[in-house]
file upload_30.cif (mmCIF, C-alpha atoms)
data_input
loop_
_atom_site.label_atom_id
_atom_site.label_comp_id
_atom_site.auth_asym_id
_atom_site.auth_seq_id
_atom_site.Cartn_x
_atom_site.Cartn_y
_atom_site.Cartn_z
CA GLY A 1 -4.30 4.13 -3.98
CA HIS A 2 -7.09 6.50 -3.01
CA TYR A 3 -7.08 10.05 -4.39
CA ASP A 4 -9.61 11.65 -2.04
CA HIS A 5 -8.93 13.51 1.20
CA ASP A 6 -10.94 15.80 3.48
CA GLY A 7 -11.32 18.48 0.81
CA ILE A 8 -12.52 22.00 1.59
CA LEU A 9 -14.72 22.74 4.58
CA PRO A 10 -17.65 25.21 4.42
CA ASP A 11 -15.50 27.82 6.18
CA GLY A 12 -12.88 27.56 3.42
CA THR A 13 -10.39 25.43 5.33
CA PHE A 14 -8.41 23.46 2.76
CA PHE A 15 -6.76 20.07 3.36
CA PRO A 16 -3.91 19.61 0.84
CA GLY A 17 -3.45 15.87 1.52
CA ALA A 18 0.05 15.81 0.06
CA ASP A 19 1.01 12.62 1.87
CA ASP A 20 -2.52 11.29 2.43
CA ASN A 21 -2.82 10.39 -0.29
CA GLY A 22 -1.19 12.56 -2.92
CA SER A 23 1.94 10.47 -2.45
CA GLY A 24 0.12 7.21 -3.11
CA THR A 25 -1.77 8.62 -6.08
CA VAL A 26 1.47 9.81 -7.69
CA ALA A 27 3.04 6.41 -7.02
CA VAL A 28 0.19 4.60 -8.78
CA ILE A 29 0.67 6.82 -11.85
CA GLU A 30 4.47 6.50 -11.89
CA ILE A 31 4.41 2.71 -11.49
CA ALA A 32 1.79 2.47 -14.26
CA ARG A 33 4.07 4.51 -16.51
CA ALA A 34 6.97 2.16 -15.79
CA PHE A 35 4.92 -0.92 -16.64
CA ALA A 36 3.59 0.75 -19.79
CA ALA A 37 7.17 1.51 -20.87
CA ALA A 38 8.17 -2.11 -20.27
CA LYS A 39 5.24 -3.34 -22.34
CA LYS A 40 6.08 -0.93 -25.15
CA ASP A 41 9.58 -2.41 -25.21
CA GLY A 42 8.12 -5.91 -25.49
CA LYS A 43 8.95 -6.79 -21.88
CA GLY A 44 5.58 -6.46 -20.20
CA PRO A 45 4.50 -8.72 -17.33
CA ARG A 46 2.95 -12.13 -17.96
CA ARG A 47 -0.15 -11.23 -15.94
CA SER A 48 -2.38 -8.22 -16.49
CA ILE A 49 -2.17 -5.39 -13.95
CA LEU A 50 -5.03 -3.04 -13.15
CA PHE A 51 -4.15 0.38 -11.73
CA ILE A 52 -6.95 2.03 -9.76
CA GLY A 53 -7.36 5.50 -8.27
CA LEU A 54 -10.03 4.98 -5.64
CA ALA A 55 -12.48 7.55 -4.30
CA ALA A 56 -14.10 7.93 -0.86
CA GLU A 57 -11.54 6.01 1.18
CA GLU A 58 -11.84 8.71 3.82
CA LYS A 59 -15.61 8.15 3.96
CA GLY A 60 -15.29 4.48 4.89
CA LEU A 61 -13.41 2.65 2.10
CA LEU A 62 -16.38 3.27 -0.20
CA GLY A 63 -14.50 3.32 -3.50
CA SER A 64 -12.86 -0.05 -2.95
CA LYS A 65 -16.13 -1.46 -1.65
CA PHE A 66 -17.83 -0.39 -4.88
CA TYR A 67 -15.03 -1.93 -6.96
CA VAL A 68 -15.13 -5.38 -5.33
CA GLU A 69 -18.91 -5.38 -5.81
CA ASN A 70 -18.48 -4.34 -9.48
CA PRO A 71 -15.06 -5.66 -10.51
CA ILE A 72 -13.53 -5.09 -13.94
CA ILE A 73 -11.56 -8.32 -13.54
CA SER A 74 -13.48 -11.03 -11.70
CA LEU A 75 -12.29 -11.46 -8.13
CA ASP A 76 -11.61 -15.16 -8.62
CA LYS A 77 -9.00 -14.17 -11.22
CA THR A 78 -7.47 -11.40 -9.10
CA VAL A 79 -4.29 -12.79 -7.59
CA ALA A 80 -3.26 -9.92 -5.30
CA CYS A 81 -3.87 -6.32 -4.26
CA LEU A 82 -1.12 -3.79 -3.60
CA ASN A 83 -2.34 -0.69 -1.80
CA ILE A 84 -0.31 2.54 -1.63
CA ASP A 85 -1.57 4.90 1.04
CA MET A 86 0.89 7.51 2.39
CA ILE A 87 4.48 6.78 1.31
CA GLY A 88 5.91 10.31 1.27
CA ARG A 89 7.03 11.08 4.80
CA ILE A 90 9.29 10.01 7.64
CA ASP A 91 7.09 9.04 10.57
CA ASP A 92 7.47 9.86 14.25
CA LYS A 93 8.96 6.44 14.92
CA HIS A 94 11.89 7.01 12.52
CA LEU A 95 12.51 10.76 12.80
CA ASN A 96 15.61 10.35 14.94
CA GLY A 97 16.80 7.17 13.31
CA ASP A 98 17.17 5.45 9.97
CA HIS A 99 14.96 7.04 7.30
CA ASN A 100 15.59 4.16 4.87
CA TYR A 101 12.41 2.19 5.63
CA VAL A 102 8.84 1.44 4.67
CA HIS A 103 6.05 -0.19 6.63
CA VAL A 104 4.77 -3.28 4.84
CA ILE A 105 1.43 -4.31 6.31
CA GLY A 106 -0.29 -7.61 5.61
CA VAL A 107 2.59 -10.08 5.26
CA ASN A 108 1.00 -12.33 7.89
CA LYS A 109 -2.51 -12.24 6.44
CA LEU A 110 -4.04 -14.72 3.96
CA SER A 111 -0.80 -15.86 2.28
CA THR A 112 2.58 -16.98 3.58
CA ASP A 113 3.98 -16.16 0.11
CA LEU A 114 3.68 -12.40 0.63
CA ARG A 115 6.68 -11.81 2.89
CA PRO A 116 9.13 -13.78 0.67
CA ILE A 117 7.87 -11.92 -2.41
CA VAL A 118 8.45 -8.50 -0.80
CA GLU A 119 11.85 -9.50 0.54
CA LEU A 120 12.89 -10.72 -2.91
CA ALA A 121 11.67 -7.40 -4.37
CA ASN A 122 13.82 -5.53 -1.83
CA ARG A 123 17.08 -7.05 -3.07
CA GLY A 124 19.22 -4.27 -4.46
CA ILE A 125 17.01 -1.62 -2.85
CA ASP A 126 18.01 -2.65 0.67
CA MET A 127 15.36 -0.76 2.56
CA LYS A 128 14.29 -1.71 6.08
CA LEU A 129 10.96 -3.51 5.79
CA ASP A 130 9.11 -2.61 8.98
CA TYR A 131 6.47 -5.19 9.91
CA ASP A 132 5.55 -3.77 13.31
CA TYR A 133 1.99 -2.88 12.27
CA ASP A 134 1.31 -6.56 11.59
CA HIS A 135 1.69 -7.52 15.24
CA PRO A 136 -1.63 -9.09 16.36
CA GLU A 137 -1.77 -6.79 19.41
CA GLU A 138 -0.89 -3.59 17.51
CA PRO A 139 -3.57 -1.09 18.64
CA MET A 140 -3.84 0.98 15.43
CA ARG A 141 -5.14 -2.00 13.41
CA LEU A 142 -4.09 -0.28 10.21
CA TYR A 143 -4.54 -3.39 8.08
CA TYR A 144 -8.29 -3.01 8.51
CA ARG A 145 -8.40 0.73 7.73
CA SER A 146 -7.42 1.20 4.09
CA ASP A 147 -8.73 0.13 0.70
CA HIS A 148 -6.90 -3.19 0.37
CA TYR A 149 -9.06 -4.58 3.18
CA ASN A 150 -12.12 -4.84 0.94
CA PHE A 151 -10.03 -7.07 -1.36
CA ALA A 152 -8.70 -9.09 1.58
CA LYS A 153 -12.23 -9.72 2.83
CA ASN A 154 -12.81 -11.42 -0.52
CA GLY A 155 -9.83 -13.75 -0.04
CA ILE A 156 -7.36 -11.76 -2.18
CA PRO A 157 -3.82 -11.59 -0.67
CA SER A 158 -3.18 -7.91 -0.03
CA LEU A 159 -0.27 -5.69 0.97
CA PHE A 160 -0.39 -2.13 2.26
CA PHE A 161 2.71 0.07 1.74
CA PHE A 162 2.87 2.96 4.19
CA SER A 163 5.49 5.40 5.50
CA GLY A 164 3.70 5.96 8.81
CA LEU A 165 1.86 8.51 10.86
CA HIS A 166 3.05 12.04 11.60
CA PRO A 167 1.68 15.17 13.36
CA HIS A 168 0.28 16.56 10.07
CA TYR A 169 -1.91 13.51 9.35
CA HIS A 170 -5.43 14.75 8.48
CA THR A 171 -4.52 18.38 9.12
CA VAL A 172 -4.05 21.46 6.93
CA GLU A 173 -0.29 21.03 7.46
CA ASP A 174 -0.05 17.95 5.20
CA THR A 175 1.71 19.95 2.47
CA VAL A 176 3.99 19.03 -0.40
CA ASP A 177 7.05 20.79 1.02
CA LYS A 178 7.24 18.10 3.72
CA ILE A 179 7.42 15.18 1.27
CA ASP A 180 10.71 13.25 1.25
CA PHE A 181 10.88 12.65 -2.50
CA ASN A 182 14.05 10.54 -2.41
CA MET A 183 12.48 8.03 -0.05
CA MET A 184 9.16 8.20 -1.86
CA VAL A 185 10.84 7.16 -5.13
CA LYS A 186 12.73 4.38 -3.38
CA ARG A 187 9.48 3.04 -1.94
CA GLU A 188 7.90 3.22 -5.40
CA ARG A 189 10.74 1.05 -6.74
CA LEU A 190 10.08 -1.56 -4.07
CA ILE A 191 6.37 -1.61 -4.93
CA PHE A 192 7.16 -1.84 -8.64
CA ASN A 193 9.47 -4.79 -7.98
CA THR A 194 6.80 -6.46 -5.85
CA ALA A 195 4.20 -6.03 -8.60
CA TRP A 196 6.71 -7.22 -11.20
CA GLU A 197 7.39 -10.40 -9.23
CA MET A 198 3.67 -11.08 -8.75
CA GLY A 199 3.01 -10.38 -12.41
CA ASN A 200 5.66 -12.77 -13.67
CA ARG A 201 5.90 -15.67 -11.22
CA ASP A 202 4.58 -19.07 -12.29
CA ASN A 203 2.13 -19.41 -9.42
CA LYS A 204 -0.17 -16.88 -7.81
CA PRO A 205 0.30 -16.31 -4.05
CA VAL A 206 -1.12 -19.26 -2.18
CA VAL A 207 -4.03 -18.55 0.15
CA ASP A 208 -3.15 -20.61 3.23
CA LEU A 209 -4.24 -18.36 6.11
CA SER A 210 -7.64 -16.96 6.93
CA LEU A 211 -7.97 -13.41 8.22
CA GLU A 212 -9.19 -14.75 11.55
CA GLU A 213 -6.24 -17.13 11.89
CA ALA A 214 -3.80 -14.35 11.09
CA LYS A 215 -5.21 -12.11 13.81
CA GLY A 216 -4.10 -14.61 16.40
CA THR A 217 -0.62 -15.30 15.09
CA GLY A 218 2.58 -13.32 15.11
CA ARG A 219 3.61 -14.58 11.71
#

call {"tool": "encode", "arguments": {"input": "upload_30.cif", "output": "C-alpha cells"}}
result
Amino acid sequence: GHYDHDGILPDGTFFPGADDNGSGTVAVIEIARAFAAAKKDGKGPRRSILFIGLAAEEKGLLGSKFYVENPIISLDKTVACLNIDMIGRIDDKHLNGDHNYVHVIGVNKLSTDLRPIVELANRGIDMKLDYDYDHPEEPMRLYYRSDHYNFAKNGIPSLFFFSGLHPHYHTVEDTVDKIDFNMMVKRERLIFNTAWEMGNRDNKPVVDLSLEEAKGTGR
C-alpha cells in the first residue's frame, strides 16, 4: 500500500488522505502485526511475506516501479502481489445499499486461481466481493492505476483491494472522521485470509492469462 498523498500545497492547503491511502497504510501494518504474532506462536506461513509501504504512487506509481527494478526478493520468486489502496469508506455506488462489500480488482488478469483464492478467503467473513471494476469495458481502468500494476507487468498475479470512489477523493475533505472502521477491519480480515492462503498453499497461483488476453475477456 502506498503511504503518500498530495501533501501540502505552497498556499498551505493540506490533504489529509485518510482513505487515500491512510486506510491502506494502516491495513498493511495491522496485517503485518497479525502475521508476526502467528510466527511468534510457531504458526507462521510456509512462504515468506514482504510488507511494503510505497512512496510516490500519486506521482505515477514511482515507488512500485523502483521496487520491481530493485527487488528485495527476486521477481521470479515472487508468487503474488496484494495491493491495498483505499479500503476505509463506503463508495457512491453502495451508499444507499449494502455496505458489506469490497471491490476486488484483478481476478480476471494473469491467473485463473485468483478468484477461487479470494472466495475461499471470504468464507466466514461473508462480504460481497464486487468485481465490477474488472469488466473489460469499465471506463475507469482502475487495475492499471495503482501500484500492483508494476508487479503485474512483470507477470506476477496481482489483486487490488478497494472500497471505491467518493466525493472526497483527492480533496481536503478526505478526513479520518469519515472512515468506516468496522468495514475497514472486515476488509483487512479478508486480505489477511487471502495472504494466508497464498502463503500456505502447495502451489503458487498459476499464470495462465496474459494481460492482453484478460483485457478482452469478461472472466

call {"tool": "closest_residue", "arguments": {"input": "upload_30.cif", "among": "A:Asp177, A:Leu209, A:His170, A:Gly44", "to": "Ile156 (chain A)", "atoms": "all atoms listed in the file"}}
result
A:Leu209

call {"tool": "resolve_selection", "arguments": {"input": "upload_30.cif", "expression": "the PyMOL selection byres ((chain A and resi 103-114) around 8)", "output": "JSON, numbers by chain"}}
result
{"A": [101, 102, 115, 116, 117, 118, 129, 130, 131, 132, 133, 134, 142, 143, 152, 155, 156, 157, 158, 159, 160, 161, 162, 163, 164, 205, 206, 207, 208, 209, 210, 211, 214, 215, 217, 218, 219]}

call {"tool": "closest_atom_pairs", "arguments": {"input": "upload_30.cif", "of": "region 113-213 of chain A", "to": "region 13-30 of chain A", "cutoff": "6 Å", "atoms": "all atoms listed in the file", "output": "JSON lines"}}
result
{"residue": "A:Val172", "atom": "CA", "partner": "A:Phe15", "partner_atom": "CA", "distance": 4.7}
{"residue": "A:Asp174", "atom": "CA", "partner": "A:Gly17", "partner_atom": "CA", "distance": 5.4}
{"residue": "A:Thr175", "atom": "CA", "partner": "A:Ala18", "partner_atom": "CA", "distance": 5.1}
{"residue": "A:Val176", "atom": "CA", "partner": "A:Ala18", "partner_atom": "CA", "distance": 5.1}

call {"tool": "residues_around", "arguments": {"input": "upload_30.cif", "residues": "Asn154 (chain A)", "least_positions_apart": "6", "cutoff": "12 Å", "atoms": "only C-alpha atoms", "output": "ChimeraX atom specification"}}
result
/A:64-65,67-69,71,74-81,110,148,207,210-211

call {"tool": "closest_residue", "arguments": {"input": "upload_30.cif", "among": "A:Arg33, A:Lys204, A:His135, A:His5", "to": "Glu188 (chain A)", "atoms": "all atoms listed in the file"}}
result
A:Arg33

call {"tool": "resolve_selection", "arguments": {"input": "upload_30.cif", "expression": "the PyMOL selection byres ((chain A and resi 99) around 10)", "output": "list of chain:residue names"}}
result
A:Arg89, A:Ile90, A:Asp91, A:Lys93, A:His94, A:Leu95, A:Asn96, A:Gly97, A:Asp98, A:Asn100, A:Tyr101, A:Val102, A:Met127, A:Lys128, A:Ser163, A:Asp180, A:Met183

call {"tool": "closest_residue", "arguments": {"input": "upload_30.cif", "among": "A:Ile125, A:Glu58, A:Asp11, A:Asn70", "to": "Ile191 (chain A)", "atoms": "all atoms listed in the file"}}
result
A:Ile125

call {"tool": "atom_distance", "arguments": {"input": "upload_30.cif", "atom1": "CA of Leu54 (chain A)", "atom2": "CA of Phe66 (chain A)"}}
result
9.5 Å

call {"tool": "atom_distance", "arguments": {"input": "upload_30.cif", "atom1": "CA of Ile87 (chain A)", "atom2": "CA of His168 (chain A)"}}
result
13.8 Å

call {"tool": "resolve_selection", "arguments": {"input": "upload_30.cif", "expression": "the PyMOL selection byres ((chain A and resi 200) around 10)", "output": "list in words"}}
result
Gly44, Pro45, Arg46, Arg47, Ser48, Ala195, Trp196, Glu197, Met198, Gly199, Arg201, Asp202, Asn203 and Lys204 of chain A

call {"tool": "atom_distance", "arguments": {"input": "upload_30.cif", "atom1": "CA of Ile73 (chain A)", "atom2": "CA of Ile31 (chain A)"}}
result
19.5 Å

call {"tool": "axis_aligned_box", "arguments": {"input": "upload_30.cif", "around": "region 108-119 of chain A", "padding_each_side": "5 Å", "output": "lines of an AutoDock Vina configuration file"}}
result
center_x = 3.9
center_y = -12.7
center_z = 2.7
size_x = 25.9
size_y = 18.5
size_z = 20.3

call {"tool": "residues_around", "arguments": {"input": "upload_30.cif", "residues": "Asp92 (chain A)", "least_positions_apart": "4", "cutoff": "8 Å", "atoms": "all atoms listed in the file", "output": "short mmCIF file (atom, residue, chain, number, x, y, z; two decimals) with C-alpha atoms, in the coordinates of the input"}}
result
data_model
loop_
_atom_site.label_atom_id
_atom_site.label_comp_id
_atom_site.auth_asym_id
_atom_site.auth_seq_id
_atom_site.Cartn_x
_atom_site.Cartn_y
_atom_site.Cartn_z
CA GLY A 164 3.70 5.96 8.81
CA LEU A 165 1.86 8.51 10.86
CA HIS A 166 3.05 12.04 11.60
CA PRO A 167 1.68 15.17 13.36
#

call {"tool": "decode", "arguments": {"input": "upload_30.cif", "residues": "region 86-191 of chain A", "atoms": "C-alpha atoms", "output": "PDB file, in the first residue's frame"}}
result
ATOM      1  CA  MET A  86      -8.396   2.913  -0.164  1.00  0.00           C
ATOM      2  CA  ILE A  87     -10.399   0.447   1.957  1.00  0.00           C
ATOM      3  CA  GLY A  88     -11.901   2.819   4.520  1.00  0.00           C
ATOM      4  CA  ARG A  89     -15.066   4.231   3.007  1.00  0.00           C
ATOM      5  CA  ILE A  90     -18.453   3.375   1.549  1.00  0.00           C
ATOM      6  CA  ASP A  91     -18.465   4.486  -2.072  1.00  0.00           C
ATOM      7  CA  ASP A  92     -21.163   6.290  -4.038  1.00  0.00           C
ATOM      8  CA  LYS A  93     -22.321   3.024  -5.572  1.00  0.00           C
ATOM      9  CA  HIS A  94     -23.141   1.468  -2.176  1.00  0.00           C
ATOM     10  CA  LEU A  95     -24.250   4.477  -0.105  1.00  0.00           C
ATOM     11  CA  ASN A  96     -27.930   3.589  -0.317  1.00  0.00           C
ATOM     12  CA  GLY A  97     -27.450  -0.152  -0.263  1.00  0.00           C
ATOM     13  CA  ASP A  98     -25.442  -2.906   1.353  1.00  0.00           C
ATOM     14  CA  HIS A  99     -22.253  -1.580   2.984  1.00  0.00           C
ATOM     15  CA  ASN A 100     -20.875  -5.104   3.474  1.00  0.00           C
ATOM     16  CA  TYR A 101     -18.668  -5.193   0.370  1.00  0.00           C
ATOM     17  CA  VAL A 102     -15.219  -4.689  -1.079  1.00  0.00           C
ATOM     18  CA  HIS A 103     -14.096  -4.232  -4.667  1.00  0.00           C
ATOM     19  CA  VAL A 104     -11.614  -6.928  -5.655  1.00  0.00           C
ATOM     20  CA  ILE A 105      -9.833  -5.909  -8.845  1.00  0.00           C
ATOM     21  CA  GLY A 106      -7.674  -8.224 -10.920  1.00  0.00           C
ATOM     22  CA  VAL A 107      -9.378 -11.612 -10.569  1.00  0.00           C
ATOM     23  CA  ASN A 108      -9.529 -11.952 -14.365  1.00  0.00           C
ATOM     24  CA  LYS A 109      -5.924 -10.930 -15.002  1.00  0.00           C
ATOM     25  CA  LEU A 110      -2.895 -13.241 -15.316  1.00  0.00           C
ATOM     26  CA  SER A 111      -4.204 -16.122 -13.165  1.00  0.00           C
ATOM     27  CA  THR A 112      -7.488 -18.015 -13.019  1.00  0.00           C
ATOM     28  CA  ASP A 113      -6.503 -19.095  -9.481  1.00  0.00           C
ATOM     29  CA  LEU A 114      -7.045 -15.621  -8.023  1.00  0.00           C
ATOM     30  CA  ARG A 115     -10.840 -15.582  -7.836  1.00  0.00           C
ATOM     31  CA  PRO A 116     -11.114 -19.019  -6.131  1.00  0.00           C
ATOM     32  CA  ILE A 117      -8.439 -17.993  -3.610  1.00  0.00           C
ATOM     33  CA  VAL A 118     -10.298 -14.798  -2.659  1.00  0.00           C
ATOM     34  CA  GLU A 119     -13.639 -16.575  -2.470  1.00  0.00           C
ATOM     35  CA  LEU A 120     -12.144 -19.223  -0.194  1.00  0.00           C
ATOM     36  CA  ALA A 121     -10.692 -16.430   1.978  1.00  0.00           C
ATOM     37  CA  ASN A 122     -14.161 -14.867   2.225  1.00  0.00           C
ATOM     38  CA  ARG A 123     -15.710 -17.915   3.879  1.00  0.00           C
ATOM     39  CA  GLY A 124     -16.829 -16.935   7.350  1.00  0.00           C
ATOM     40  CA  ILE A 125     -16.451 -13.237   6.540  1.00  0.00           C
ATOM     41  CA  ASP A 126     -19.296 -13.301   4.018  1.00  0.00           C
ATOM     42  CA  MET A 127     -18.662  -9.956   2.395  1.00  0.00           C
ATOM     43  CA  LYS A 128     -19.923  -9.104  -1.078  1.00  0.00           C
ATOM     44  CA  LEU A 129     -16.955  -9.342  -3.439  1.00  0.00           C
ATOM     45  CA  ASP A 130     -17.632  -6.725  -6.094  1.00  0.00           C
ATOM     46  CA  TYR A 131     -15.869  -7.488  -9.379  1.00  0.00           C
ATOM     47  CA  ASP A 132     -17.453  -4.726 -11.460  1.00  0.00           C
ATOM     48  CA  TYR A 133     -14.169  -2.871 -11.993  1.00  0.00           C
ATOM     49  CA  ASP A 134     -12.774  -5.932 -13.775  1.00  0.00           C
ATOM     50  CA  HIS A 135     -15.228  -5.635 -16.649  1.00  0.00           C
ATOM     51  CA  PRO A 136     -13.183  -5.203 -19.861  1.00  0.00           C
ATOM     52  CA  GLU A 137     -15.254  -2.150 -20.860  1.00  0.00           C
ATOM     53  CA  GLU A 138     -15.137  -0.472 -17.425  1.00  0.00           C
ATOM     54  CA  PRO A 139     -14.076   3.129 -18.201  1.00  0.00           C
ATOM     55  CA  MET A 140     -12.110   3.875 -15.000  1.00  0.00           C
ATOM     56  CA  ARG A 141      -9.484   1.199 -15.793  1.00  0.00           C
ATOM     57  CA  LEU A 142      -8.501   1.108 -12.132  1.00  0.00           C
ATOM     58  CA  TYR A 143      -6.451  -2.067 -12.495  1.00  0.00           C
ATOM     59  CA  TYR A 144      -3.875  -0.053 -14.415  1.00  0.00           C
ATOM     60  CA  ARG A 145      -3.751   2.873 -11.960  1.00  0.00           C
ATOM     61  CA  SER A 146      -2.283   1.609  -8.690  1.00  0.00           C
ATOM     62  CA  ASP A 147       0.975   0.073  -7.521  1.00  0.00           C
ATOM     63  CA  HIS A 148       0.167  -3.591  -8.140  1.00  0.00           C
ATOM     64  CA  TYR A 149       0.245  -2.905 -11.883  1.00  0.00           C
ATOM     65  CA  ASN A 150       4.036  -2.637 -11.932  1.00  0.00           C
ATOM     66  CA  PHE A 151       4.132  -6.171 -10.489  1.00  0.00           C
ATOM     67  CA  ALA A 152       1.511  -7.407 -12.952  1.00  0.00           C
ATOM     68  CA  LYS A 153       3.525  -6.046 -15.869  1.00  0.00           C
ATOM     69  CA  ASN A 154       6.269  -8.403 -14.706  1.00  0.00           C
ATOM     70  CA  GLY A 155       3.950 -11.425 -14.811  1.00  0.00           C
ATOM     71  CA  ILE A 156       3.145 -11.506 -11.073  1.00  0.00           C
ATOM     72  CA  PRO A 157      -0.543 -12.300 -10.323  1.00  0.00           C
ATOM     73  CA  SER A 158      -1.883  -9.236  -8.534  1.00  0.00           C
ATOM     74  CA  LEU A 159      -5.020  -8.223  -6.661  1.00  0.00           C
ATOM     75  CA  PHE A 160      -6.160  -4.725  -5.746  1.00  0.00           C
ATOM     76  CA  PHE A 161      -8.493  -4.331  -2.727  1.00  0.00           C
ATOM     77  CA  PHE A 162     -10.500  -1.115  -2.846  1.00  0.00           C
ATOM     78  CA  SER A 163     -13.633   0.313  -1.213  1.00  0.00           C
ATOM     79  CA  GLY A 164     -14.389   2.671  -4.103  1.00  0.00           C
ATOM     80  CA  LEU A 165     -14.558   6.295  -5.093  1.00  0.00           C
ATOM     81  CA  HIS A 166     -16.361   9.038  -3.185  1.00  0.00           C
ATOM     82  CA  PRO A 167     -16.775  12.845  -3.434  1.00  0.00           C
ATOM     83  CA  HIS A 168     -13.811  13.454  -1.090  1.00  0.00           C
ATOM     84  CA  TYR A 169     -11.302  11.533  -3.245  1.00  0.00           C
ATOM     85  CA  HIS A 170      -8.196  13.725  -3.689  1.00  0.00           C
ATOM     86  CA  THR A 171      -9.734  16.631  -1.793  1.00  0.00           C
ATOM     87  CA  VAL A 172      -9.096  18.278   1.581  1.00  0.00           C
ATOM     88  CA  GLU A 173     -12.278  16.551   2.811  1.00  0.00           C
ATOM     89  CA  ASP A 174     -10.678  13.078   2.893  1.00  0.00           C
ATOM     90  CA  THR A 175     -10.575  13.090   6.701  1.00  0.00           C
ATOM     91  CA  VAL A 176     -10.431  10.380   9.332  1.00  0.00           C
ATOM     92  CA  ASP A 177     -13.889  11.100  10.750  1.00  0.00           C
ATOM     93  CA  LYS A 178     -15.395   9.682   7.545  1.00  0.00           C
ATOM     94  CA  ILE A 179     -13.656   6.302   7.815  1.00  0.00           C
ATOM     95  CA  ASP A 180     -15.949   3.311   8.411  1.00  0.00           C
ATOM     96  CA  PHE A 181     -13.660   1.438  10.794  1.00  0.00           C
ATOM     97  CA  ASN A 182     -15.909  -1.614  11.175  1.00  0.00           C
ATOM     98  CA  MET A 183     -15.871  -2.263   7.440  1.00  0.00           C
ATOM     99  CA  MET A 184     -12.199  -1.387   7.185  1.00  0.00           C
ATOM    100  CA  VAL A 185     -11.324  -4.081   9.744  1.00  0.00           C
ATOM    101  CA  LYS A 186     -13.544  -6.601   7.976  1.00  0.00           C
ATOM    102  CA  ARG A 187     -11.769  -5.889   4.691  1.00  0.00           C
ATOM    103  CA  GLU A 188      -8.414  -6.286   6.435  1.00  0.00           C
ATOM    104  CA  ARG A 189      -9.506  -9.748   7.612  1.00  0.00           C
ATOM    105  CA  LEU A 190     -10.351 -10.752   4.058  1.00  0.00           C
ATOM    106  CA  ILE A 191      -6.948  -9.561   2.831  1.00  0.00           C
TER     107      ILE A 191
END
